[in-house]
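Here is the structure we will look at, set down as structure tokens.
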Amino acid sequence: SDLFESPDYYGVDDLLSEEHKLVRAATRDWVKKEVSPIIEDFAQKAAFPTQLIKGLAEIGAFGPYIPEEYGGAGLDQISYGLMMQEIERGDSGVRSTCSVQSSLVMYPIYAYGSEEQKRKFLPKLASGEFLGSFGLTEPNFGSNPSGMITNFKDMGDHYLLNGAKMWISNAPYADVAVVWAKDEAGRIHGLIVERGMEGFTTPETHNKWSLRASATGELVFDNVKVPKENILPGRSGLGAPLSCLDSARYGIAWGALGAAMDCYDTALRYAKERIQFDRPIAGFQLQQKKLAEMITEITKAQLMVWRLGTLKNEGKATSAQISMAKRNSVEIALKIAREARQMLGGMGITGDYSIMRHMMNLESVVTYEGTHDIHLLITGMDVTGIPAFK
Ligand code: TGC
Ligand code: FAD
């Protein structure tokens, strides 16, 4: 009934424009109506809710900040963040679909694609006619993508692509994939690989306890002939895929807060109603400690992502600032999910409540788009000037 209150302990809403609030309300209503009623079932079945694609496109969740001339919603970064927050309030897997489509597929084509590539792909990705995926991670190169072995050779009139990507969101359903591969000189480029190209397959990854309503798979390239017009001409080198990650990580910093807010709301409501020892459990100090710490962390993180969004709108957010926010939001969301689950006692382990699903989902979110450890090392490098990765 009163699902999804939005904690706003510090009046952060006063920092938002009318447009931001409208975008948030529209997204929240859509999530309540379309995602919440079905998502537990899809997660239990480990099925990808394809029926949400059209609605996600309609609310502008595919390319929120991509200009309207290419089919995007033409919104600012705070609107993008708020959309991700509201969608992840529903489920991290649905938010993943949007992060990949917007920041890892549309963004590189928009930022580094030719005019023809933009016209050919962006409107169809924005409308959900095409679903996209982003292939960076390989079986032996996760945190260290610079070591990738997927490669292509210049065959004169086309490129010949070989290799394999692993852990790829949307892969089994993807019509197009932005794939990062090395040329003969070992330099990384982005190639747009299309469903139906001979030698390109996308086997699904099963047996996940996390992000079960998101489809994950491999991208396998066995002598795939990629037309030369499908290479992204605007940027090469590892910085090209990493800059896309910046945009997706920014959205996740907001998104994970949505999951945290849903866990907090659920635990607060439950604690006020659940009677033990003749009083609501919300009256016990130990439960109040949990709730007080949750709302404190949510409030700190809300201010952090709002400020980050403002910097991003001004083109001033650094990669290291984005890493700090992604790491912080996911960490607090996971802690909040674990504490909230305990507050529900035995009921907390059931699918009658969203908390356990959020908790399991967040185990992927803390690992993908740069692990918790890697983001800490990025902050460490930023403040000391010394990279400790290798
Ligand atoms: P390093 O030598 O530091 O950097 C190589 C070049 O890249 C530049 N650079 C960046 N550029 C833009 N944005 C960033 N965030 C950047 N970070 C670095 C850097 O300046 C350099 O440029 P240049 O011109 O000097 O060549 O690279 P390294 O090999 O030492 O690696 C650094 C490290 C570990 C931080 C990086 O490899 C990293 O971030 N690793 C984590 C990998 C990762 O996040 N993978 C994510 C895969 S995609 C995914 O998970 C999608 S899940 C989606 C969903 O479902 O929502
Ligand atoms: P590893 O890199 O092997 O790391 C293992 C452990 O070692 C981690 O705890 C890590 O923090 C630690 N570690 C590694 N290096 C260091 C170091 N230098 N110092 C200290 N500790 C270190 N990738 C894509 O390209 N596209 C996608 O769409 C995509 N979607 C995903 C969806 C899901 C559900 C999951 C789980 C992953 C997805 N990924 C995707 C892959 C994801 O980005 C990687 O899993 C992640 O980058 C970590 O790589 P890895 O799994 O190989 O772990």
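Letters A, B, ... go to the chains of the structure tokens in the order shown; residues in each chain start at 1; ligands are counted from 1 in the same order.
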Using only C-alpha atoms and all ligand atoms, which residues of chain A come within 7 Å of ligand 1, and what is the closest atom pair for each, with the distance in Å to one decimal? Give it as CSV, sorted by chain and residue number.
```
residue,atom,partner,partner_atom_place_in_ligand_line,distance
A:Arg95,CA,ligand 1,56 (O),6.8
A:Ser96,CA,ligand 1,56 (O),3.6
A:Thr97,CA,ligand 1,55 (O),6.1
A:Ser99,CA,ligand 1,56 (O),5.0
A:Val100,CA,ligand 1,53 (C),5.4
A:Phe134,CA,ligand 1,48 (S),6.8
A:Leu136,CA,ligand 1,47 (C),5.5
A:Thr137,CA,ligand 1,47 (C),5.4
A:Gly142,CA,ligand 1,42 (C),6.0
A:Ser143,CA,ligand 1,41 (C),4.2
A:Asn144,CA,ligand 1,37 (O),4.9
A:Pro145,CA,ligand 1,37 (O),5.5
A:Ser146,CA,ligand 1,29 (O),4.9
A:Ser169,CA,ligand 1,55 (O),5.0
A:Gly237,CA,ligand 1,26 (O),6.0
A:Leu238,CA,ligand 1,7 (O),4.8
A:Gly239,CA,ligand 1,7 (O),3.4
A:Ala240,CA,ligand 1,12 (C),6.4
A:Leu242,CA,ligand 1,13 (N),4.3
A:Ser243,CA,ligand 1,13 (N),3.7
A:Leu245,CA,ligand 1,15 (N),6.5
A:Asp246,CA,ligand 1,15 (N),5.3
A:Ala248,CA,ligand 1,56 (O),6.9
A:Ser319,CA,ligand 1,15 (N),4.6
A:Tyr368,CA,ligand 1,50 (O),3.9
A:Glu369,CA,ligand 1,50 (O),3.5
A:Gly370,CA,ligand 1,44 (O),3.2
A:Thr371,CA,ligand 1,41 (C),6.8
A:Ile374,CA,ligand 1,34 (C),6.1
A:Ile378,CA,ligand 1,35 (C),5.9
A:Phe389,CA,ligand 1,34 (C),6.2
```
Select from segment 245-370 of chain A everything DSSP, run on the backbone, classes as alpha helix (DSSP H), then give the selection as a PyMOL selection string. chain A and resi 245-273+285-313+319-343+355-365
For Gln342 of chain A, list every protein, DNA or RNA residue within 12 Å, evaluated using only C-alpha atoms, and leave out those in the same chain fewer than 5 positions away; present the list as a compact mmCIF listing (two decimals) with C-alpha atoms, in the first residue's frame.
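File written: around24.txt
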```
# COMPACT_ATOMS: atom_id res chain seq x y z
CA CYS A 263 15.25 -2.15 3.06
CA TYR A 264 15.07 0.71 5.57
CA THR A 266 10.49 -2.18 5.10
CA ALA A 267 12.32 -2.69 8.39
CA TYR A 270 7.77 -3.96 10.25
CA ALA A 271 9.38 -2.89 13.52
CA ILE A 281 10.09 -4.24 18.52
CA LEU A 286 18.84 -2.52 19.83
CA GLN A 287 16.32 -2.16 16.99
CA LYS A 290 19.86 -0.35 13.65
CA LEU A 291 17.25 2.08 12.30
CA LYS A 335 25.07 -3.42 5.55
CA ILE A 336 21.55 -1.99 5.70
CA ALA A 337 20.14 -5.03 3.89
CA MET A 347 10.06 -13.40 7.90
CA GLY A 348 13.20 -11.68 6.62
CA ILE A 349 14.41 -14.77 4.83
CA THR A 350 11.22 -15.15 2.78
CA ILE A 355 15.12 -7.48 1.67
CA MET A 356 16.77 -10.85 1.08
CA MET A 359 20.87 -8.37 -0.19
```
What is the atom CA of Ser323 of chain A-atom CA of Gly128 of chain A distance in Å, reported with one decimal? 28.9 Å
Distance query segment 299-304 of chain A at most 8 Å, only C-alpha atoms, self and fewer than 5 positions along chain excluded, as a list in words: Asp8, Tyr9, Tyr10, Val12, Trp254, Leu257, Ala325, Asn328 and Ser329 of chain A
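Between atom 31 (C, counted along the ligand's line) of ligand 2 and atom CA of Gly309 of chain A the interatomic distance comes to 23.9 Å.
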For segment 156-164 of chain A: contacts at 8 Å, only C-alpha atoms, fewer than 4 positions along chain excluded, given as a PyMOL selection string: chain A and resi 138-139+149-152+218-228
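Nearest to ligand 2 of all the residues A:Leu362, A:Ala292, A:Leu211, A:Ile66 is A:Leu211, counting only C-alpha atoms and all ligand atoms.
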Run DSSP on the backbone and tell me which residues of segment 77-272 of chain A come out as strand (DSSP E); list them as number ranges by chain. A: 132-135, 151-154, 158-169, 176-182, 188-194, 200-201, 216-227
Env of segment 110-120 of chain A: 7 Å cut, atoms = only C-alpha atoms, seq-sep filter 6 positions within chain, self excluded. Answer as an NGL selection string. :A and (70 or 232-235)
Just-selected residues, C-alpha atoms written as a short mmCIF file (atom, residue, chain, number, x, y, z; two decimals), in the first residue's frame:
```cif
data_model
loop_
_atom_site.label_atom_id
_atom_site.label_comp_id
_atom_site.auth_asym_id
_atom_site.auth_seq_id
_atom_site.Cartn_x
_atom_site.Cartn_y
_atom_site.Cartn_z
CA TYR A 70 19.26 10.49 -30.84
CA LEU A 232 34.12 3.10 -32.67
CA PRO A 233 36.35 5.75 -34.25
CA GLY A 234 36.34 8.37 -31.49
CA ARG A 235 38.58 6.88 -28.80
#
```
Counting only C-alpha atoms and all ligand atoms, which residue out of A:Lys289, A:Lys165, A:Arg307, A:Lys21 sits closest to ligand 2? A:Lys165
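Nearest to ligand 2 of all the residues A:Met324, A:Ala177, A:Val383, A:Leu268 is A:Ala177, counting only C-alpha atoms and all ligand atoms.
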Taking only C-alpha atoms and all ligand atoms into account, which of A:Ser364, A:Asn313, A:Thr50, A:Ser17 comes nearest ligand 2? A:Ser364
For ligand 2, which residue among A:Thr296, A:Ser102, A:Ser79, A:Gln288 is the nearest when counting only C-alpha atoms and all ligand atoms?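 With only C-alpha atoms and all ligand atoms as the atom set, the closest residue is A:Ser102.
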Shell of 10 Å around Val105 of chain A, only C-alpha atoms, local chain residues under 3 positions omitted, as a list in words: Phe62, Gly63, Cys98, Ser99, Val100, Gln101, Ser102, Pro108, Ile109, Tyr110, Phe121, Leu122, Leu125, Leu131, Gly132, Ser133, Phe134, Gly135, Val176, Ala177, Val178, Val179, Ile192 and Cys244 of chain A
Emit the selected residues as an mmCIF file, in the first residue's frame, including C-alpha atoms.
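What follows is the written file again-v9.cif:
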```
data_model
loop_
_atom_site.group_PDB
_atom_site.id
_atom_site.type_symbol
_atom_site.label_atom_id
_atom_site.label_comp_id
_atom_site.auth_asym_id
_atom_site.auth_seq_id
_atom_site.Cartn_x
_atom_site.Cartn_y
_atom_site.Cartn_z
ATOM 1 C CA PHE A 62 17.301 3.912 -21.740
ATOM 2 C CA GLY A 63 19.581 6.885 -22.323
ATOM 3 C CA CYS A 98 19.273 0.123 -17.644
ATOM 4 C CA SER A 99 22.868 0.858 -16.589
ATOM 5 C CA VAL A 100 24.228 -1.349 -19.326
ATOM 6 C CA GLN A 101 21.862 -0.060 -21.999
ATOM 7 C CA SER A 102 22.385 3.627 -21.134
ATOM 8 C CA PRO A 108 30.116 4.811 -25.941
ATOM 9 C CA ILE A 109 28.216 4.956 -29.233
ATOM 10 C CA TYR A 110 27.143 8.528 -28.468
ATOM 11 C CA PHE A 121 21.838 2.363 -33.187
ATOM 12 C CA LEU A 122 20.875 5.009 -30.624
ATOM 13 C CA LEU A 125 18.419 1.298 -28.164
ATOM 14 C CA LEU A 131 18.901 -4.478 -26.242
ATOM 15 C CA GLY A 132 22.635 -3.987 -25.774
ATOM 16 C CA SER A 133 25.472 -5.470 -23.767
ATOM 17 C CA PHE A 134 29.025 -4.410 -22.933
ATOM 18 C CA GLY A 135 31.906 -6.851 -23.142
ATOM 19 C CA VAL A 176 24.134 -5.569 -30.185
ATOM 20 C CA ALA A 177 27.258 -5.731 -28.047
ATOM 21 C CA VAL A 178 29.907 -3.074 -27.555
ATOM 22 C CA VAL A 179 32.992 -5.283 -27.357
ATOM 23 C CA ILE A 192 29.846 -2.997 -32.330
ATOM 24 C CA CYS A 244 31.942 4.360 -19.814
#
```
